[in-house]
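Next comes run19.pdb, with PDB, C-alpha atoms, pLDDT in the B column.
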```
ATOM      1  CA  MET A 499      40.402 118.137 -74.318  1.00 55.00           C
ATOM      2  CA  SER A 500      40.452 115.153 -71.925  1.00 67.00           C
ATOM      3  CA  HIS A 501      39.785 112.458 -74.541  1.00 72.00           C
ATOM      4  CA  THR A 502      42.070 113.991 -77.181  1.00 83.00           C
ATOM      5  CA  TYR A 503      44.741 114.701 -74.553  1.00 85.00           C
ATOM      6  CA  ASP A 504      44.737 111.057 -73.402  1.00 86.00           C
ATOM      7  CA  ALA A 505      44.944 109.844 -77.012  1.00 88.00           C
ATOM      8  CA  ARG A 506      47.877 112.156 -77.737  1.00 90.00           C
ATOM      9  CA  LYS A 507      49.619 111.208 -74.498  1.00 88.00           C
ATOM     10  CA  LYS A 508      49.334 107.556 -75.543  1.00 88.00           C
ATOM     11  CA  LYS A 509      50.835 108.409 -78.945  1.00 91.00           C
ATOM     12  CA  LEU A 510      53.738 110.183 -77.213  1.00 90.00           C
ATOM     13  CA  ILE A 511      54.357 107.199 -74.920  1.00 86.00           C
ATOM     14  CA  ASN A 512      54.196 104.741 -77.827  1.00 87.00           C
ATOM     15  CA  TYR A 513      56.571 106.901 -79.885  1.00 89.00           C
ATOM     16  CA  PHE A 514      59.057 107.063 -76.995  1.00 86.00           C
ATOM     17  CA  HIS A 515      58.930 103.297 -76.394  1.00 82.00           C
ATOM     18  CA  LYS A 516      59.402 102.578 -80.106  1.00 85.00           C
ATOM     19  CA  PHE A 517      62.206 105.075 -80.892  1.00 84.00           C
ATOM     20  CA  LYS A 518      63.767 105.569 -77.403  1.00 82.00           C
ATOM     21  CA  HIS A 519      63.714 109.355 -77.750  1.00 87.00           C
ATOM     22  CA  LEU A 520      61.161 112.154 -77.784  1.00 90.00           C
ATOM     23  CA  PRO A 521      59.787 113.404 -81.079  1.00 91.00           C
ATOM     24  CA  THR A 522      60.815 116.903 -82.160  1.00 90.00           C
ATOM     25  CA  TYR A 523      58.188 119.669 -82.055  1.00 89.00           C
ATOM     26  CA  ASP A 524      57.646 119.243 -85.814  1.00 90.00           C
ATOM     27  CA  GLU A 525      57.246 115.476 -85.373  1.00 92.00           C
ATOM     28  CA  MET A 526      54.763 116.025 -82.513  1.00 91.00           C
ATOM     29  CA  VAL A 527      52.650 118.316 -84.719  1.00 92.00           C
ATOM     30  CA  LYS A 528      52.420 115.476 -87.285  1.00 92.00           C
ATOM     31  CA  LEU A 529      52.050 112.747 -84.658  1.00 92.00           C
ATOM     32  CA  PHE A 530      49.159 114.561 -82.956  1.00 92.00           C
ATOM     33  CA  ASP A 531      47.632 115.630 -86.293  1.00 91.00           C
ATOM     34  CA  LEU A 532      47.739 119.336 -85.399  1.00 91.00           C
ATOM     35  CA  LYS A 533      47.773 122.363 -87.697  1.00 87.00           C
ATOM     36  CA  SER A 534      50.654 124.242 -86.050  1.00 85.00           C
ATOM     37  CA  LYS A 535      53.210 124.340 -83.245  1.00 85.00           C
ATOM     38  CA  GLY A 536      51.016 126.927 -81.539  1.00 84.00           C
ATOM     39  CA  SER A 537      48.285 124.372 -80.916  1.00 85.00           C
ATOM     40  CA  LEU A 538      50.931 121.935 -79.676  1.00 90.00           C
ATOM     41  CA  HIS A 539      51.904 124.288 -76.834  1.00 89.00           C
ATOM     42  CA  ARG A 540      48.898 123.463 -74.624  1.00 88.00           C
ATOM     43  CA  TYR A 541      49.570 119.716 -74.907  1.00 91.00           C
ATOM     44  CA  VAL A 542      53.247 120.165 -74.035  1.00 91.00           C
ATOM     45  CA  GLN A 543      52.265 122.301 -71.017  1.00 92.00           C
ATOM     46  CA  LYS A 544      49.817 119.613 -69.869  1.00 91.00           C
ATOM     47  CA  PHE A 545      52.508 116.913 -70.283  1.00 91.00           C
ATOM     48  CA  ILE A 546      54.820 119.019 -68.107  1.00 91.00           C
ATOM     49  CA  GLU A 547      52.078 119.630 -65.495  1.00 91.00           C
ATOM     50  CA  GLU A 548      51.327 115.908 -65.378  1.00 89.00           C
ATOM     51  CA  GLY A 549      55.031 115.183 -64.912  1.00 88.00           C
ATOM     52  CA  ILE A 550      55.646 112.989 -67.954  1.00 88.00           C
ATOM     53  CA  LEU A 551      57.895 115.644 -69.524  1.00 90.00           C
ATOM     54  CA  GLU A 552      60.132 118.307 -68.049  1.00 89.00           C
ATOM     55  CA  LYS A 553      62.217 121.135 -69.428  1.00 88.00           C
ATOM     56  CA  GLY A 554      65.958 120.888 -69.005  1.00 81.00           C
ATOM     57  CA  SER A 555      68.199 123.834 -68.133  1.00 81.00           C
ATOM     58  CA  THR A 556      68.479 124.707 -71.842  1.00 84.00           C
ATOM     59  CA  GLY A 557      64.692 124.556 -72.307  1.00 82.00           C
ATOM     60  CA  LYS A 558      64.851 121.230 -74.158  1.00 87.00           C
ATOM     61  CA  LEU A 559      62.038 118.785 -73.416  1.00 88.00           C
ATOM     62  CA  MET A 560      63.124 115.681 -71.531  1.00 87.00           C
ATOM     63  CA  PRO A 561      61.232 112.502 -70.572  1.00 86.00           C
ATOM     64  CA  THR A 562      60.646 111.693 -66.912  1.00 84.00           C
ATOM     65  CA  GLU A 563      60.212 108.343 -65.169  1.00 79.00           C
ATOM     66  CA  ARG A 564      56.464 108.792 -65.490  1.00 80.00           C
ATOM     67  CA  LEU A 565      56.864 108.581 -69.288  1.00 77.00           C
ATOM     68  CA  TYR A 566      59.226 105.618 -69.518  1.00 73.00           C
ATOM     69  CA  GLY A 567      58.921 103.929 -66.124  1.00 70.00           C
ATOM     70  CA  LEU A 568      56.803 100.920 -65.312  1.00 64.00           C
ATOM     71  CA  ARG A 569      53.867 101.186 -62.903  1.00 65.00           C
ATOM     72  CA  VAL A 570      54.255  99.369 -59.613  1.00 64.00           C
ATOM     73  CA  LEU A 571      50.967  97.530 -59.009  1.00 61.00           C
ATOM     74  CA  GLY A 572      51.738  95.896 -55.675  1.00 66.00           C
ATOM     75  CA  THR A 573      53.369  92.727 -54.410  1.00 64.00           C
ATOM     76  CA  VAL A 574      53.053  89.028 -55.172  1.00 65.00           C
ATOM     77  CA  GLN A 575      53.530  86.104 -52.790  1.00 68.00           C
ATOM     78  CA  ALA A 576      56.341  83.777 -53.859  1.00 71.00           C
ATOM     79  CA  GLY A 577      55.764  81.238 -51.058  1.00 67.00           C
ATOM     80  CA  PHE A 578      52.399  79.654 -50.314  1.00 66.00           C
ATOM     81  CA  PRO A 579      49.477  81.070 -52.319  1.00 63.00           C
ATOM     82  CA  THR A 580      47.419  83.789 -50.668  1.00 58.00           C
ATOM     83  CA  THR A 581      44.327  85.661 -51.713  1.00 59.00           C
ATOM     84  CA  ALA A 582      45.419  87.780 -54.641  1.00 53.00           C
ATOM     85  CA  GLU A 583      44.374  91.393 -54.605  1.00 56.00           C
ATOM     86  CA  GLU A 584      45.826  94.007 -56.870  1.00 52.00           C
ATOM     87  CA  GLU A 585      47.043  96.978 -54.897  1.00 54.00           C
ATOM     88  CA  VAL A 586      47.111  99.860 -57.318  1.00 53.00           C
ATOM     89  CA  GLU A 587      50.031 102.103 -56.524  1.00 54.00           C
ATOM     90  CA  THR A 588      50.548 105.384 -58.288  1.00 56.00           C
ATOM     91  CA  SER A 589      54.324 105.175 -58.354  1.00 66.00           C
ATOM     92  CA  THR A 590      56.379 104.220 -61.369  1.00 69.00           C
ATOM     93  CA  VAL A 591      59.839 102.732 -61.456  1.00 72.00           C
ATOM     94  CA  SER A 592      62.515 103.435 -64.037  1.00 73.00           C
ATOM     95  CA  LEU A 593      64.450 100.228 -64.485  1.00 75.00           C
ATOM     96  CA  ASP A 594      67.533 102.250 -65.447  1.00 76.00           C
ATOM     97  CA  ARG A 595      67.482 104.183 -62.179  1.00 76.00           C
ATOM     98  CA  TRP A 596      66.563 101.130 -60.125  1.00 79.00           C
ATOM     99  CA  LEU A 597      69.221  98.806 -61.561  1.00 82.00           C
ATOM    100  CA  ILE A 598      72.065 101.246 -62.267  1.00 83.00           C
ATOM    101  CA  GLU A 599      73.600 103.241 -59.421  1.00 85.00           C
ATOM    102  CA  HIS A 600      76.419 104.838 -61.451  1.00 84.00           C
ATOM    103  CA  PRO A 601      75.279 105.139 -65.114  1.00 83.00           C
ATOM    104  CA  GLU A 602      78.444 106.938 -66.179  1.00 86.00           C
ATOM    105  CA  SER A 603      80.621 103.995 -65.106  1.00 89.00           C
ATOM    106  CA  SER A 604      78.324 101.065 -65.913  1.00 90.00           C
ATOM    107  CA  TYR A 605      78.025  98.781 -68.923  1.00 92.00           C
ATOM    108  CA  MET A 606      76.198  95.582 -69.900  1.00 93.00           C
ATOM    109  CA  LEU A 607      77.490  92.188 -70.952  1.00 94.00           C
ATOM    110  CA  THR A 608      75.733  89.083 -72.256  1.00 95.00           C
ATOM    111  CA  VAL A 609      76.529  85.987 -70.203  1.00 95.00           C
ATOM    112  CA  SER A 610      78.119  83.030 -71.965  1.00 94.00           C
ATOM    113  CA  GLY A 611      78.591  79.739 -70.144  1.00 94.00           C
ATOM    114  CA  ASP A 612      77.244  78.136 -66.985  1.00 96.00           C
ATOM    115  CA  SER A 613      79.911  78.706 -64.321  1.00 96.00           C
ATOM    116  CA  MET A 614      77.632  81.074 -62.326  1.00 97.00           C
ATOM    117  CA  ILE A 615      74.334  79.124 -62.464  1.00 96.00           C
ATOM    118  CA  ASP A 616      74.174  78.552 -58.701  1.00 95.00           C
ATOM    119  CA  ALA A 617      74.240  82.343 -58.285  1.00 96.00           C
ATOM    120  CA  GLY A 618      71.179  82.508 -60.564  1.00 95.00           C
ATOM    121  CA  ILE A 619      73.141  83.789 -63.567  1.00 96.00           C
ATOM    122  CA  MET A 620      72.381  81.776 -66.703  1.00 95.00           C
ATOM    123  CA  GLN A 621      73.605  81.604 -70.289  1.00 94.00           C
ATOM    124  CA  GLY A 622      72.025  84.472 -72.257  1.00 93.00           C
ATOM    125  CA  ASP A 623      71.327  86.683 -69.223  1.00 94.00           C
ATOM    126  CA  MET A 624      72.527  90.277 -69.291  1.00 92.00           C
ATOM    127  CA  VAL A 625      74.613  91.596 -66.400  1.00 94.00           C
ATOM    128  CA  ILE A 626      75.134  95.227 -65.491  1.00 93.00           C
ATOM    129  CA  VAL A 627      78.709  95.867 -64.400  1.00 95.00           C
ATOM    130  CA  ASP A 628      79.759  98.894 -62.348  1.00 95.00           C
ATOM    131  CA  ARG A 629      83.395  99.975 -62.824  1.00 94.00           C
ATOM    132  CA  LYS A 630      83.122 102.503 -59.973  1.00 93.00           C
ATOM    133  CA  ARG A 631      82.480  99.984 -57.183  1.00 93.00           C
ATOM    134  CA  ASN A 632      85.465  98.511 -55.362  1.00 94.00           C
ATOM    135  CA  PRO A 633      85.110  94.733 -55.069  1.00 96.00           C
ATOM    136  CA  LYS A 634      84.570  93.153 -51.668  1.00 95.00           C
ATOM    137  CA  THR A 635      84.729  89.484 -50.758  1.00 95.00           C
ATOM    138  CA  GLY A 636      81.523  87.863 -51.963  1.00 95.00           C
ATOM    139  CA  ASP A 637      80.898  90.295 -54.844  1.00 96.00           C
ATOM    140  CA  ILE A 638      80.538  88.932 -58.357  1.00 97.00           C
ATOM    141  CA  VAL A 639      83.116  90.577 -60.594  1.00 97.00           C
ATOM    142  CA  VAL A 640      84.141  90.686 -64.222  1.00 96.00           C
ATOM    143  CA  ALA A 641      87.895  90.212 -64.352  1.00 95.00           C
ATOM    144  CA  GLU A 642      90.810  89.682 -66.686  1.00 95.00           C
ATOM    145  CA  VAL A 643      92.895  86.842 -65.270  1.00 94.00           C
ATOM    146  CA  ASP A 644      96.174  85.990 -66.939  1.00 92.00           C
ATOM    147  CA  HIS A 645      94.865  87.404 -70.252  1.00 91.00           C
ATOM    148  CA  ASP A 646      91.471  85.626 -70.110  1.00 93.00           C
ATOM    149  CA  TRP A 647      88.135  87.241 -69.182  1.00 95.00           C
ATOM    150  CA  THR A 648      85.717  85.708 -66.714  1.00 96.00           C
ATOM    151  CA  MET A 649      82.883  86.461 -64.284  1.00 97.00           C
ATOM    152  CA  LYS A 650      83.216  84.896 -60.819  1.00 97.00           C
ATOM    153  CA  TYR A 651      82.847  85.512 -57.084  1.00 97.00           C
ATOM    154  CA  TYR A 652      85.663  87.692 -55.736  1.00 97.00           C
ATOM    155  CA  ILE A 653      87.319  86.217 -52.624  1.00 96.00           C
ATOM    156  CA  LYS A 654      90.139  88.088 -50.872  1.00 94.00           C
ATOM    157  CA  ARG A 655      92.265  86.120 -48.351  1.00 90.00           C
ATOM    158  CA  GLY A 656      95.083  88.266 -47.035  1.00 89.00           C
ATOM    159  CA  GLU A 657      97.188  89.143 -50.068  1.00 88.00           C
ATOM    160  CA  ARG A 658      95.699  86.353 -52.190  1.00 92.00           C
ATOM    161  CA  THR A 659      92.708  86.745 -54.471  1.00 95.00           C
ATOM    162  CA  ILE A 660      90.591  83.805 -55.556  1.00 96.00           C
ATOM    163  CA  LEU A 661      87.903  83.871 -58.227  1.00 97.00           C
ATOM    164  CA  ARG A 662      85.247  81.288 -57.376  1.00 97.00           C
ATOM    165  CA  PRO A 663      82.619  79.925 -59.761  1.00 96.00           C
ATOM    166  CA  ALA A 664      79.036  79.284 -58.669  1.00 97.00           C
ATOM    167  CA  ASN A 665      78.982  75.809 -60.191  1.00 96.00           C
ATOM    168  CA  LYS A 666      80.645  72.799 -58.499  1.00 96.00           C
ATOM    169  CA  ASN A 667      81.803  71.532 -61.914  1.00 96.00           C
ATOM    170  CA  TYR A 668      84.360  74.363 -62.191  1.00 96.00           C
ATOM    171  CA  PRO A 669      87.511  74.891 -60.107  1.00 96.00           C
ATOM    172  CA  ASP A 670      88.540  78.081 -58.302  1.00 96.00           C
ATOM    173  CA  ILE A 671      90.778  80.388 -60.310  1.00 96.00           C
ATOM    174  CA  HIS A 672      94.049  81.467 -58.695  1.00 95.00           C
ATOM    175  CA  PRO A 673      95.656  84.273 -60.748  1.00 93.00           C
ATOM    176  CA  ARG A 674      99.264  83.353 -61.601  1.00 91.00           C
ATOM    177  CA  GLN A 675     100.562  86.527 -63.230  1.00 91.00           C
ATOM    178  CA  GLU A 676      97.941  89.243 -63.430  1.00 93.00           C
ATOM    179  CA  LEU A 677      94.456  90.119 -62.282  1.00 95.00           C
ATOM    180  CA  HIS A 678      92.493  93.148 -63.428  1.00 95.00           C
ATOM    181  CA  ILE A 679      89.009  93.685 -61.995  1.00 96.00           C
ATOM    182  CA  ALA A 680      86.884  95.364 -64.688  1.00 95.00           C
ATOM    183  CA  GLY A 681      83.886  95.938 -62.434  1.00 96.00           C
ATOM    184  CA  VAL A 682      81.388  94.545 -59.959  1.00 97.00           C
ATOM    185  CA  VAL A 683      78.164  92.948 -61.200  1.00 96.00           C
ATOM    186  CA  SER A 684      75.300  95.019 -59.799  1.00 94.00           C
ATOM    187  CA  SER A 685      72.286  93.494 -61.596  1.00 93.00           C
ATOM    188  CA  VAL A 686      71.227  90.509 -63.668  1.00 95.00           C
ATOM    189  CA  ILE A 687      68.522  90.789 -66.322  1.00 92.00           C
ATOM    190  CA  ARG A 688      66.696  87.789 -67.739  1.00 92.00           C
ATOM    191  CA  LYS A 689      64.025  87.935 -70.403  1.00 87.00           C
ATOM    192  CA  TYR A 690      61.522  85.084 -70.461  1.00 86.00           C
ATOM    193  CA  VAL A 691      59.764  85.876 -73.701  1.00 77.00           C
TER     194      VAL A 691
END
```
Take the structure in the file and write it out as structure tokens.
Amino acid sequence: MSHTYDARKKKLINYFHKFKHLPTYDEMVKLFDLKSKGSLHRYVQKFIEEGILEKGSTGKLMPTERLYGLRVLGTVQAGFPTTAEEEVETSTVSLDRWLIEHPESSYMLTVSGDSMIDAGIMQGDMVIVDRKRNPKTGDIVVAEVDHDWTMKYYIKRGERTILRPANKNYPDIHPRQELHIAGVVSSVIRKYV
């Protein structure tokens, strides 16, 4: 069963990465080229034992981080070069869980413009914004200022609030009439390919 199990596990992983959800039992029977749901049972049990699937409180199959997470292989030196050795770690990381502290109150935006480039936030990046976090001085926030939306550093000085860009070519923003903070930026995502 080892070889066929590994092949079917790979099919399950590929299916999940392609469609972003688990196949139904009927779809798994077809995907694994099995004759019946009865023969599927032992594979499902093995997936659960291995920890790539789990059963929810209603008995529904659910993916775990081991199914959709990325393997952590070690560390890489970003300063002077050192002897490179791959340290194989057995842990996996779910980017969702790592980047998003409060999924129920978070959303993503695509960055437009260059006013935050010195903070490492570039045109086309995606930012994850958390509505649940209260802004503190130094946080990057998404805000509605006098009916315009922007993303800037949040600076609180007494009763005054300043929104500061991370690009010397842009001036500070001093709200004249209204300021609504829509959330604090918790993560920046950039795709290089």
Report task. Would you mind reading off the distance between CA of Leu607 (chain A) and CA of Val625 (chain A), one decimal, in Å? Result ->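 Going from CA of Leu607 (chain A) over to CA of Val625 (chain A), I get 5.4 Å.
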Requested in this report: Write out as a ChimeraX atom specification which residues come within 12 Å of Pro601 (chain A) when counting only C-alpha atoms, dropping same-chain ones fewer than 2 positions away.
Outcome: /A:593-599,603-606,626-631,684
Requested in this report: Identify the residues around (71.4, 80.9, -74.9) within a radius of 12 Å, measuring from all atoms listed in the file in the coordinates stated by the file, and give them as number ranges by chain.
Outcome: A: 608-612, 619-624, 688-690
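The residues returned by the PyMOL selection byres ((chain A and resi 535-545) around 9) on the shown structure are Tyr503, Arg506, Lys507, Tyr523, Asp524, Met526, Val527, Phe530, Leu532, Lys533, Ser534, Ile546, Glu547, Glu548, Gly549, Ile550, Leu551, Glu552 and Leu559 of chain A.
For the pair CA of Lys528 (chain A) and CA of Ser555 (chain A), the separation is 26.2 Å.
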Query raised in the report: How far is it from CA of Val639 (chain A) to CA of Val682 (chain A), in Å with one decimal?
Result: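 Straight-line distance from CA of Val639 (chain A) to CA of Val682 (chain A) works out to 4.4 Å.
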